[in-house]
>>> print(open('target-v9.tsv').read())   # TSV, C-alpha atoms
chain	number	residue	atom	x	y	z
A	1	MET	CA	31.31	68.56	-73.70
A	2	ALA	CA	28.23	69.99	-72.00
A	3	LEU	CA	25.05	70.02	-74.05
A	4	SER	CA	23.17	73.24	-74.72
A	5	ALA	CA	19.74	73.82	-73.21
A	6	ALA	CA	18.19	73.14	-76.61
A	7	GLU	CA	20.02	69.82	-76.86
A	8	VAL	CA	18.97	68.86	-73.33
A	9	LEU	CA	15.36	69.70	-74.20
A	10	ALA	CA	15.50	67.52	-77.29
A	11	GLY	CA	16.99	64.61	-75.34
A	12	LEU	CA	14.56	65.02	-72.45
A	13	ALA	CA	11.63	65.15	-74.85
A	14	GLU	CA	12.68	61.77	-76.27
A	15	ILE	CA	12.70	60.30	-72.76
A	16	VAL	CA	9.27	61.74	-71.94
A	17	THR	CA	7.85	60.46	-75.22
A	18	ASP	CA	9.27	57.01	-74.57
A	19	GLU	CA	7.68	56.89	-71.11
A	20	THR	CA	4.32	58.51	-71.88
A	21	GLY	CA	3.72	58.39	-75.63
A	22	ILE	CA	3.23	62.17	-75.69
A	23	ALA	CA	4.31	63.69	-79.03
A	24	THR	CA	7.83	65.10	-78.78
A	25	ASP	CA	6.83	68.48	-80.20
A	26	ALA	CA	4.27	68.93	-77.41
A	27	ILE	CA	7.04	68.84	-74.80
A	28	ALA	CA	8.00	72.50	-74.45
A	29	LEU	CA	9.86	74.42	-71.75
A	30	ASP	CA	6.74	76.00	-70.29
A	31	LYS	CA	4.81	72.73	-69.89
A	32	SER	CA	4.06	71.50	-66.40
A	33	PHE	CA	4.80	67.79	-65.97
A	34	THR	CA	1.67	67.20	-63.93
A	35	ASP	CA	-0.85	69.79	-65.13
A	36	ASP	CA	-0.05	69.91	-68.86
A	37	LEU	CA	1.54	66.54	-69.59
A	38	ASP	CA	-0.43	64.53	-66.98
A	39	ILE	CA	2.69	62.74	-65.79
A	40	ASP	CA	2.29	61.01	-62.41
A	41	SER	CA	4.92	60.65	-59.71
A	42	ILE	CA	5.99	57.16	-60.81
A	43	SER	CA	6.43	58.13	-64.46
A	44	MET	CA	8.28	61.24	-63.30
A	45	MET	CA	10.77	59.09	-61.41
A	46	THR	CA	11.28	56.88	-64.47
A	47	ILE	CA	11.96	59.99	-66.53
A	48	VAL	CA	14.39	61.29	-63.89
A	49	VAL	CA	16.39	58.06	-63.78
A	50	ASN	CA	16.53	57.83	-67.57
A	51	ALA	CA	17.64	61.47	-67.71
A	52	GLU	CA	20.40	60.75	-65.20
A	53	ASP	CA	21.67	57.99	-67.46
A	54	LYS	CA	21.37	59.96	-70.67
A	55	PHE	CA	22.95	63.19	-69.44
A	56	ASP	CA	25.31	61.66	-66.86
A	57	VAL	CA	24.00	63.84	-64.02
A	58	LYS	CA	22.61	63.17	-60.54
A	59	ILE	CA	19.11	64.33	-59.69
A	60	PRO	CA	18.51	63.65	-55.97
A	61	ASP	CA	15.03	62.57	-54.82
A	62	ASP	CA	14.67	65.82	-52.86
A	63	GLU	CA	15.26	67.81	-56.05
A	64	VAL	CA	12.62	66.03	-58.10
A	65	LYS	CA	9.76	67.84	-56.39
A	66	ASN	CA	11.23	71.19	-57.53
A	67	LEU	CA	11.15	70.16	-61.18
A	68	LEU	CA	7.65	71.36	-61.93
A	69	THR	CA	8.03	72.23	-65.59
A	70	VAL	CA	10.06	70.86	-68.49
A	71	GLY	CA	12.05	74.10	-68.30
A	72	ASP	CA	12.92	73.44	-64.63
A	73	ALA	CA	14.30	70.03	-65.60
A	74	VAL	CA	16.21	71.38	-68.59
A	75	ASN	CA	17.76	74.13	-66.42
A	76	TYR	CA	18.71	71.67	-63.69
A	77	ILE	CA	20.27	69.20	-66.08
A	78	THR	CA	22.09	71.88	-68.07
A	79	LYS	CA	23.67	73.28	-64.88
A	80	ALA	CA	24.37	69.85	-63.37
A	81	GLN	CA	26.40	68.84	-66.42
A	82	GLY	CA	28.96	71.53	-65.52
B	1	MET	CA	42.12	15.72	-26.50
B	2	ALA	CA	38.36	15.72	-26.85
B	3	LYS	CA	37.12	15.77	-30.43
B	4	LEU	CA	34.31	18.16	-31.19
B	5	ILE	CA	31.56	17.01	-33.52
B	6	GLN	CA	30.03	19.50	-35.94
B	7	SER	CA	26.93	19.00	-38.02
B	8	THR	CA	27.31	17.03	-41.23
B	9	PRO	CA	26.52	19.12	-44.29
B	10	VAL	CA	24.34	17.98	-47.15
B	11	ALA	CA	25.05	19.08	-50.71
B	12	PHE	CA	21.80	20.65	-51.81
B	13	SER	CA	18.48	22.00	-50.62
B	14	LYS	CA	15.17	22.70	-52.30
B	15	ILE	CA	11.67	23.96	-51.68
B	16	TYR	CA	9.42	20.92	-51.27
B	17	SER	CA	6.06	22.64	-51.30
B	18	LEU	CA	4.12	25.86	-50.88
B	19	GLY	CA	0.99	26.79	-48.99
B	20	ALA	CA	-1.16	29.90	-49.21
B	21	ALA	CA	-3.85	31.68	-47.22
B	22	ARG	CA	-5.35	35.05	-48.03
B	23	GLY	CA	-7.64	37.52	-46.36
B	24	ASP	CA	-11.32	36.56	-46.48
B	25	LEU	CA	-12.55	39.94	-47.77
B	26	THR	CA	-12.24	41.11	-51.36
B	27	VAL	CA	-11.82	44.88	-51.12
B	28	THR	CA	-12.33	46.95	-54.28
B	29	ASN	CA	-10.72	50.28	-55.08
B	30	ASP	CA	-14.09	51.99	-54.84
B	31	GLU	CA	-14.41	50.85	-51.23
B	32	ILE	CA	-11.19	52.57	-50.15
B	33	ALA	CA	-11.03	55.52	-52.57
B	34	GLY	CA	-13.16	57.90	-50.49
B	35	PRO	CA	-10.83	58.60	-47.54
B	36	ILE	CA	-7.91	59.29	-49.88
B	37	ASN	CA	-10.00	61.45	-52.21
B	38	SER	CA	-9.20	59.13	-55.08
B	39	SER	CA	-10.90	56.84	-57.59
B	40	ASP	CA	-10.79	53.32	-58.97
B	41	GLU	CA	-9.13	54.68	-62.10
B	42	TRP	CA	-6.41	56.57	-60.16
B	43	ILE	CA	-5.55	53.55	-58.03
B	44	THR	CA	-5.57	51.07	-60.91
B	45	GLN	CA	-3.45	53.31	-63.09
B	46	ARG	CA	-0.82	53.92	-60.40
B	47	THR	CA	-0.67	50.47	-58.85
B	48	GLY	CA	-2.30	47.86	-61.10
B	49	ILE	CA	-4.38	46.78	-58.11
B	50	VAL	CA	-8.01	45.95	-58.90
B	51	THR	CA	-8.84	44.31	-55.58
B	52	ARG	CA	-6.88	43.40	-52.48
B	53	MET	CA	-7.68	40.53	-50.11
B	54	ARG	CA	-8.01	41.67	-46.52
B	55	ALA	CA	-8.69	39.71	-43.37
B	56	SER	CA	-11.75	40.40	-41.28
B	57	LYS	CA	-11.40	41.07	-37.56
B	58	ASP	CA	-11.90	37.41	-36.74
B	59	ARG	CA	-9.20	36.14	-39.11
B	60	SER	CA	-5.84	36.64	-37.44
B	61	LEU	CA	-2.31	36.62	-38.75
B	62	MET	CA	-1.83	33.30	-36.95
B	63	ASP	CA	-4.98	31.83	-38.53
B	64	MET	CA	-3.60	32.53	-42.00
B	65	ALA	CA	-0.09	31.33	-41.10
B	66	VAL	CA	-1.43	28.03	-39.74
B	67	GLU	CA	-3.61	27.49	-42.80
B	68	ALA	CA	-0.74	28.14	-45.22
B	69	SER	CA	1.67	26.02	-43.17
B	70	ASN	CA	-0.68	23.05	-42.97
B	71	GLU	CA	-1.07	23.06	-46.74
B	72	ALA	CA	2.69	23.20	-47.27
B	73	ILE	CA	3.34	20.43	-44.73
B	74	LYS	CA	0.71	18.20	-46.32
B	75	LYS	CA	1.99	18.80	-49.86
B	76	ALA	CA	5.58	18.12	-48.76
B	77	GLY	CA	4.49	14.69	-47.57
B	78	ILE	CA	6.24	15.06	-44.24
B	79	SER	CA	5.05	14.83	-40.68
B	80	PRO	CA	5.07	18.15	-38.81
B	81	SER	CA	7.16	16.42	-36.14
B	82	GLU	CA	9.97	16.19	-38.72
B	83	ILE	CA	10.24	19.99	-38.96
B	84	GLU	CA	13.47	21.04	-37.28
B	85	ALA	CA	13.11	24.82	-37.53
B	86	VAL	CA	10.26	27.29	-37.94
B	87	ILE	CA	11.00	30.74	-39.37
B	88	PHE	CA	8.25	33.33	-39.49
B	89	SER	CA	8.88	36.52	-41.45
B	90	THR	CA	6.43	39.20	-40.41
B	91	ILE	CA	6.17	42.82	-39.38
B	92	THR	CA	2.60	42.58	-38.10
B	93	HIS	CA	2.76	40.09	-35.23
B	94	PRO	CA	1.10	42.24	-32.57
B	95	TYR	CA	3.37	41.20	-29.67
B	96	GLN	CA	6.91	42.38	-28.99
B	97	THR	CA	7.47	38.93	-27.52
B	98	PRO	CA	7.06	35.95	-27.59
B	99	SER	CA	7.67	35.24	-31.25
B	100	ALA	CA	4.93	34.37	-33.69
B	101	ALA	CA	7.06	31.44	-34.82
B	102	ALA	CA	6.98	29.67	-31.44
B	103	LEU	CA	3.19	29.69	-31.39
B	104	LEU	CA	3.04	28.66	-35.05
B	105	ALA	CA	5.33	25.70	-34.32
B	106	GLU	CA	3.02	24.63	-31.52
B	107	LEU	CA	-0.13	25.03	-33.62
B	108	VAL	CA	1.14	23.04	-36.60
B	109	GLY	CA	2.59	20.22	-34.50
B	110	ALA	CA	6.25	21.14	-34.87
B	111	ASN	CA	6.89	21.68	-31.14
B	112	PRO	CA	9.78	21.55	-29.95
B	113	ALA	CA	11.42	22.83	-33.15
B	114	PRO	CA	13.52	25.98	-32.76
B	115	ALA	CA	11.34	28.89	-33.85
B	116	PHE	CA	12.05	32.54	-34.48
B	117	ASP	CA	10.73	35.57	-36.33
B	118	ILE	CA	12.47	37.63	-38.98
B	119	SER	CA	11.82	41.35	-39.34
B	120	ALA	CA	12.80	42.13	-42.90
B	121	ALA	CA	9.44	43.40	-44.17
B	122	CYS	CA	8.87	42.69	-47.85
B	123	ALA	CA	12.26	40.97	-48.13
B	124	GLY	CA	11.31	38.68	-45.25
B	125	TYR	CA	10.34	35.59	-47.22
B	126	CYS	CA	13.58	35.62	-49.23
B	127	TYR	CA	15.51	36.15	-45.99
B	128	GLY	CA	13.67	33.12	-44.58
B	129	ILE	CA	14.51	30.98	-47.60
B	130	ALA	CA	18.15	32.07	-47.32
B	131	GLN	CA	18.24	30.99	-43.69
B	132	ALA	CA	16.40	27.74	-44.34
B	133	ASP	CA	18.77	26.90	-47.20
B	134	SER	CA	21.74	27.43	-44.88
B	135	LEU	CA	20.24	25.43	-42.01
B	136	VAL	CA	19.43	22.50	-44.29
B	137	ARG	CA	22.73	22.40	-46.17
B	138	SER	CA	24.77	22.78	-43.01
B	139	GLY	CA	22.95	19.77	-41.59
B	140	VAL	CA	21.57	21.73	-38.64
B	141	ALA	CA	17.95	21.09	-39.67
B	142	LYS	CA	16.42	18.53	-42.00
B	143	TYR	CA	13.14	20.27	-42.77
B	144	VAL	CA	12.46	23.97	-42.20
B	145	LEU	CA	9.08	25.66	-42.31
B	146	VAL	CA	9.36	29.20	-43.69
B	147	VAL	CA	6.34	31.48	-43.47
B	148	GLY	CA	5.89	35.01	-44.75
B	149	GLY	CA	2.70	36.36	-43.27
B	150	GLU	CA	1.10	39.70	-42.60
B	151	LYS	CA	-2.08	41.25	-41.36
B	152	LEU	CA	-1.10	44.68	-42.58
B	153	THR	CA	-4.58	46.09	-42.17
B	154	ASP	CA	-3.97	46.30	-38.42
B	155	PHE	CA	-1.37	48.96	-39.21
B	156	ILE	CA	-2.91	51.11	-41.92
B	157	ASP	CA	-4.43	54.56	-42.03
B	158	PRO	CA	-7.37	54.74	-44.44
B	159	THR	CA	-6.50	58.40	-45.17
B	160	ASP	CA	-2.87	57.68	-46.04
B	161	ARG	CA	-2.14	58.17	-49.75
B	162	SER	CA	1.39	56.73	-49.65
B	163	ILE	CA	0.95	53.00	-49.05
B	164	SER	CA	-2.15	51.96	-47.10
B	165	PHE	CA	-4.40	51.59	-50.15
B	166	LEU	CA	-1.97	49.07	-51.65
B	167	LEU	CA	-2.03	46.68	-48.77
B	168	GLY	CA	-3.66	43.31	-48.25
B	169	ASP	CA	-3.39	40.43	-45.79
B	170	GLY	CA	-2.19	36.87	-46.21
B	171	ALA	CA	0.39	34.20	-45.47
B	172	GLY	CA	2.55	32.01	-47.66
B	173	ALA	CA	4.47	28.98	-46.44
B	174	ALA	CA	7.27	26.81	-47.77
B	175	ILE	CA	8.92	23.62	-46.61
B	176	VAL	CA	12.66	23.57	-47.32
B	177	GLY	CA	14.62	20.35	-47.05
B	178	PRO	CA	17.55	18.32	-48.42
B	179	SER	CA	17.81	17.56	-52.13
B	180	ASP	CA	19.80	15.42	-54.56
B	181	SER	CA	20.19	18.35	-56.92
B	182	PRO	CA	20.50	22.14	-56.52
B	183	GLY	CA	17.15	23.72	-55.68
B	184	ILE	CA	17.99	27.10	-54.15
B	185	SER	CA	20.79	29.29	-55.47
B	186	LYS	CA	23.13	31.33	-53.32
B	187	SER	CA	21.09	34.19	-51.89
B	188	VAL	CA	21.97	37.75	-52.75
B	189	TRP	CA	20.75	39.74	-49.80
B	190	GLY	CA	21.50	42.89	-47.93
B	191	SER	CA	20.22	46.12	-46.43
B	192	ASP	CA	20.62	49.88	-46.72
B	193	GLY	CA	19.94	51.57	-43.40
B	194	SER	CA	20.74	54.97	-44.89
B	195	LYS	CA	17.17	54.78	-46.22
B	196	TRP	CA	15.74	53.56	-42.90
B	197	GLU	CA	13.04	56.21	-43.02
B	198	ALA	CA	11.93	55.61	-46.62
B	199	VAL	CA	9.37	52.96	-45.62
B	200	GLY	CA	8.18	52.30	-42.11
B	201	MET	CA	5.89	53.48	-39.38
B	202	THR	CA	4.52	56.92	-38.61
B	203	GLY	CA	5.95	56.68	-35.10
B	204	SER	CA	7.06	54.32	-32.36
B	205	LEU	CA	5.00	52.48	-29.78
B	206	LEU	CA	6.68	54.64	-27.14
B	207	ASP	CA	5.30	57.76	-28.82
B	208	PHE	CA	1.87	56.16	-28.71
B	209	ARG	CA	2.24	55.18	-25.04
B	210	ASP	CA	3.37	58.68	-24.11
B	211	GLY	CA	0.53	60.30	-25.99
B	212	THR	CA	2.94	62.10	-28.32
B	213	GLY	CA	1.92	60.12	-31.37
B	214	ALA	CA	-1.03	58.29	-32.88
B	215	TRP	CA	-1.26	54.52	-33.29
B	216	PRO	CA	1.68	53.77	-35.63
B	217	THR	CA	0.71	53.01	-39.21
B	218	LEU	CA	2.65	52.26	-42.36
B	219	VAL	CA	3.94	55.07	-44.54
B	220	GLN	CA	6.47	55.44	-47.35
B	221	GLU	CA	8.29	57.97	-49.49
B	222	GLY	CA	6.91	56.64	-52.74
B	223	GLN	CA	9.31	58.14	-55.25
B	224	THR	CA	12.41	57.24	-53.25
B	225	VAL	CA	11.19	53.69	-52.82
B	226	PHE	CA	10.19	53.39	-56.47
B	227	ARG	CA	13.61	54.48	-57.67
B	228	TRP	CA	15.38	52.11	-55.30
B	229	ALA	CA	13.00	49.23	-55.92
B	230	VAL	CA	13.43	49.33	-59.67
B	231	TRP	CA	16.95	50.43	-60.46
B	232	GLU	CA	18.80	49.05	-57.44
B	233	MET	CA	16.83	45.80	-57.45
B	234	VAL	CA	17.55	45.25	-61.14
B	235	LYS	CA	21.21	45.10	-60.11
B	236	VAL	CA	20.37	42.64	-57.32
B	237	ALA	CA	18.33	40.50	-59.72
B	238	LYS	CA	21.26	40.36	-62.13
B	239	GLN	CA	23.63	39.47	-59.29
B	240	ALA	CA	21.28	36.68	-58.20
B	241	LEU	CA	21.17	35.27	-61.73
B	242	GLU	CA	24.95	35.41	-61.96
B	243	ALA	CA	25.33	33.69	-58.58
B	244	ALA	CA	22.92	31.01	-59.79
B	245	GLY	CA	24.73	30.54	-63.09
B	246	ILE	CA	21.44	31.12	-64.88
B	247	LYS	CA	20.81	33.43	-67.82
B	248	ALA	CA	17.61	35.48	-67.95
B	249	ASP	CA	16.38	33.47	-70.94
B	250	GLU	CA	16.77	30.25	-68.95
B	251	LEU	CA	14.24	31.43	-66.38
B	252	ASP	CA	10.66	30.25	-66.55
B	253	ALA	CA	9.31	32.89	-64.17
B	254	ILE	CA	10.18	35.90	-62.10
B	255	VAL	CA	8.34	36.42	-58.84
B	256	MET	CA	9.05	39.87	-57.47
B	257	HIS	CA	7.68	41.23	-54.26
B	258	GLN	CA	4.20	42.35	-55.26
B	259	ALA	CA	4.66	45.99	-54.28
B	260	ASN	CA	3.12	47.81	-57.21
B	261	GLU	CA	2.51	46.69	-60.78
B	262	ARG	CA	4.41	49.71	-62.07
B	263	ILE	CA	7.53	48.55	-60.20
B	264	ILE	CA	7.07	45.03	-61.55
B	265	ASP	CA	6.62	46.25	-65.12
B	266	GLU	CA	9.54	48.66	-65.00
B	267	MET	CA	11.86	46.08	-63.46
B	268	ALA	CA	10.82	43.47	-66.04
B	269	LYS	CA	11.51	46.05	-68.77
B	270	GLN	CA	14.94	46.90	-67.34
B	271	LEU	CA	15.82	43.20	-67.11
B	272	ALA	CA	14.83	42.74	-70.78
B	273	LEU	CA	13.18	39.44	-69.97
B	274	PRO	CA	12.28	37.24	-72.94
B	275	GLU	CA	8.58	36.75	-73.73
B	276	HIS	CA	8.42	33.24	-72.33
B	277	VAL	CA	9.37	34.33	-68.79
B	278	VAL	CA	6.19	34.50	-66.72
B	279	VAL	CA	6.04	37.65	-64.62
B	280	ALA	CA	3.97	37.15	-61.46
B	281	LYS	CA	1.18	39.69	-61.04
B	282	ASP	CA	-0.72	38.43	-58.02
B	283	ILE	CA	-0.85	42.05	-56.87
B	284	LYS	CA	-3.81	42.70	-59.19
B	285	THR	CA	-6.16	40.72	-56.99
B	286	SER	CA	-4.26	40.24	-53.70
B	287	GLY	CA	-2.68	43.66	-53.21
B	288	ASN	CA	0.68	44.16	-51.53
B	289	THR	CA	1.02	41.64	-48.70
B	290	SER	CA	4.65	42.38	-47.74
B	291	ALA	CA	6.43	39.21	-46.59
B	292	ALA	CA	3.60	37.02	-47.89
B	293	SER	CA	3.56	38.33	-51.44
B	294	ILE	CA	6.23	36.14	-53.05
B	295	PRO	CA	5.00	32.74	-51.81
B	296	LEU	CA	1.39	33.79	-52.50
B	297	ALA	CA	2.30	34.85	-56.04
B	298	MET	CA	4.28	31.68	-56.77
B	299	HIS	CA	1.47	29.55	-55.33
B	300	ALA	CA	-1.02	31.36	-57.57
B	301	LEU	CA	1.11	30.78	-60.68
B	302	LEU	CA	1.22	27.06	-59.84
B	303	GLU	CA	-2.53	26.89	-59.22
B	304	GLN	CA	-3.22	28.68	-62.51
B	305	GLY	CA	-0.88	26.35	-64.41
B	306	GLN	CA	1.32	29.22	-65.54
B	307	ILE	CA	4.37	27.50	-64.07
B	308	LYS	CA	5.04	23.88	-63.16
B	309	SER	CA	7.14	21.88	-60.76
B	310	GLY	CA	10.77	21.86	-61.85
B	311	ASP	CA	10.66	25.30	-63.47
B	312	LEU	CA	13.27	27.90	-62.57
B	313	ALA	CA	12.03	31.07	-60.90
B	314	LEU	CA	13.88	34.14	-59.73
B	315	GLN	CA	12.32	35.48	-56.55
B	316	ILE	CA	13.24	38.88	-55.22
B	317	GLY	CA	11.94	40.67	-52.15
B	318	PHE	CA	12.62	44.28	-51.20
B	319	GLY	CA	11.22	46.74	-48.72
B	320	ALA	CA	11.50	48.47	-45.38
B	321	GLY	CA	14.97	48.56	-43.87
B	322	LEU	CA	15.67	49.02	-46.60
B	323	ALA	CA	16.24	45.30	-47.01
B	324	PHE	CA	16.44	43.02	-50.02
B	325	GLY	CA	16.91	39.34	-50.82
B	326	ALA	CA	16.90	37.28	-54.00
B	327	GLN	CA	17.53	33.74	-55.14
B	328	VAL	CA	16.75	31.47	-58.05
B	329	VAL	CA	14.68	28.47	-56.95
B	330	VAL	CA	13.39	25.31	-58.53
B	331	VAL	CA	9.60	25.55	-58.35
B	332	PRO	CA	8.23	22.80	-56.08
>>> encode(input="target-v9.tsv", output="C-alpha cells")
Amino acid sequence: MALSAAEVLAGLAEIVTDETGIATDAIALDKSFTDDLDIDSISMMTIVVNAEDKFDVKIPDDEVKNLLTVGDAVNYITKAQG
Amino acid sequence: MAKLIQSTPVAFSKIYSLGAARGDLTVTNDEIAGPINSSDEWITQRTGIVTRMRASKDRSLMDMAVEASNEAIKKAGISPSEIEAVIFSTITHPYQTPSAAALLAELVGANPAPAFDISAACAGYCYGIAQADSLVRSGVAKYVLVVGGEKLTDFIDPTDRSISFLLGDGAGAAIVGPSDSPGISKSVWGSDGSKWEAVGMTGSLLDFRDGTGAWPTLVQEGQTVFRWAVWEMVKVAKQALEAAGIKADELDAIVMHQANERIIDEMAKQLALPEHVVVAKDIKTSGNTSAASIPLAMHALLEQGQIKSGDLALQIGFGAGLAFGAQVVVVP
C-alpha cells in the first residue's frame, strides 16, 4: 500500500531529525536541504539511504542532486513507491 | 613416473609486527583551505581531519616505505634475509616499471626475495595481507613483508574540492609469518569495476603526454563513494566477521581505511559496535593515506596503548577500483 505524500513527509522528517537533530516540525515541503536545513552532501546521502530502506524505493546517486527541497524528495519517493 | 613435489602447507599465519612512517610536515586545514575556498570549520565538520601529515619534496615514498619496513623487521625479530616475499601496495610509485617492491626488497636487505606491487588503492594493504596469508599458509614463503605506502601529494590538485584536501602521505609495514594458532581470518575481498570512475585520476598519462590533459590528479564522486563505502562495506565487514567466526562484541578494535571520519562514524553506527570496541581514528591527525592508512592506524592504537598484542581487530580497506578487502587479525 503506497503511502500518501503527507505520510512520506512525516516519515522523511523523522529520518532528517535523526540525522541532523533539526526539529521535525521545521521540516516542511518548501525547505531547501542545503540553504534552509544546512544539510551537507554526506548527511544528505545518509538521509537518502535511510529513506530507501524506510520507503522501499531506489534513489539513484544521479537523482540525489535533483532533490533540492524536502518537497522534491517527498514527490520522488511518493512516485517511486508506485 | 616422476613424482612432483608441491610446497608443504602450514596451518596458520599471523602478523608478527608493524612499522610506521609518516610525512614530515604537519599540514593544518587553514593551510589548504584557501585554494578550495573553504575553512578549517568546513573541513573538520565534513571529514574529521584536523591535520594531515605530508611528506616534503625530499622525503620520498621509498624513504617512508624503508623506514616502516625496517621497524617491522626489527620488531618481528627476524633477519631481512629470511623474508621470502615483498608485497608493496601503492598507487603513487612514480614509475610504470620496475616495481617499487623490488627496490624496497633491495633496500631492506631482502634481495633476492620475490617482490611485486599491488594496485588496489585504499584496499591495498588488506589485499597484501590476504596474499601474504596465502603465501605463508601454502608454504611458499616463510616470512612476507607487506607494505602499504603512498605519497599522494604528488598526485593532488590544491583546488580540487573532492578528495585532495583529505590526503596525507605515509607508509605502514607488516611482517606476516607462520603461527601455532590462527592469526589472520579468511579474507573477504573483491572489486566492483562498474564504479571504476567513482574514484581515480583526472586523466591518463597518455592524455598528459599528448597535451590533451593536465598532469593526472586524484578525484572522486564523493556521494557515490560515501554510499558505497558505508552501506556496502558494512555488508563486507559482517561477512568478514562471519568468515572469522567472531561476533562484533568479541572484537577489541575496528580499523577501517581512514577515508573520512564521517564514513568511519556511520559505518560504526551501522555495525552497532559495543562501547568497548576501539574505533581507529588516525585520520584526525594523519589524513587519508590510502594503502597506508590501516597499518598506520593500527600502529598508532598500539603506540597509544588503546589496543594490545593479542587483541582481535577487524581491518577493512576500500577504495578506487572499486576494490575492497577485510579480515580479522590478531594484533601483533
>>> residues_around(input="target-v9.tsv", residues="Phe55 (chain A)", least_positions_apart="2", cutoff="12 Å", atoms="all atoms listed in the file", output="PyMOL selection string")
chain A and resi 1-5+7-12+15+47-53+57-59+73-74+76-82
>>> residues_around(input="target-v9.tsv", residues="Gly21 (chain A)", least_positions_apart="6", cutoff="12 Å", atoms="all atoms listed in the file", output="PyMOL selection string")
chain A and resi 13-15+27+37-39+43
>>> atom_distance(input="target-v9.tsv", atom1="CA of Ser56 (chain B)", atom2="CA of Pro158 (chain B)")
15.3 Å
>>> interface_residues(input="target-v9.tsv", of="chain A", to="chain B", cutoff="10 Å", atoms="all atoms listed in the file", output="PyMOL selection string")
chain A and resi 40-46+48-49+60-62+64-65
>>> atom_distance(input="target-v9.tsv", atom1="CA of Pro35 (chain B)", atom2="CA of Phe165 (chain B)")
9.9 Å
>>> closest_residue(input="target-v9.tsv", among="B:Ala320, B:Val188, B:Ala272, B:Leu296", to="Gln239 (chain B)", atoms="all atoms listed in the file")
B:Val188
>>> decode(input="target-v9.tsv", residues="region 261-284 of chain B", atoms="C-alpha atoms", output="compact mmCIF listing (two decimals), in the first residue's frame")
# COMPACT_ATOMS: atom_id res chain seq x y z
CA GLU B 261 35.64 10.34 9.86
CA ARG B 262 32.04 10.59 8.73
CA ILE B 263 32.37 7.26 6.90
CA ILE B 264 34.02 5.72 9.96
CA ASP B 265 31.32 7.00 12.30
CA GLU B 266 28.44 5.97 10.06
CA MET B 267 29.87 2.51 9.48
CA ALA B 268 30.48 2.04 13.21
CA LYS B 269 26.87 3.10 13.84
CA GLN B 270 25.53 0.69 11.21
CA LEU B 271 27.58 -2.16 12.70
CA ALA B 272 26.15 -1.38 16.16
CA LEU B 273 29.53 -1.95 17.74
CA PRO B 274 29.59 -2.28 21.53
CA GLU B 275 31.22 0.53 23.54
CA HIS B 276 34.37 -1.43 24.30
CA VAL B 277 35.34 -1.81 20.63
CA VAL B 278 38.02 0.77 19.85
CA VAL B 279 37.35 2.55 16.58
CA ALA B 280 40.58 3.76 14.94
CA LYS B 281 40.58 7.47 14.12
CA ASP B 282 44.12 8.12 12.95
CA ILE B 283 42.57 10.22 10.18
CA LYS B 284 42.21 13.16 12.58
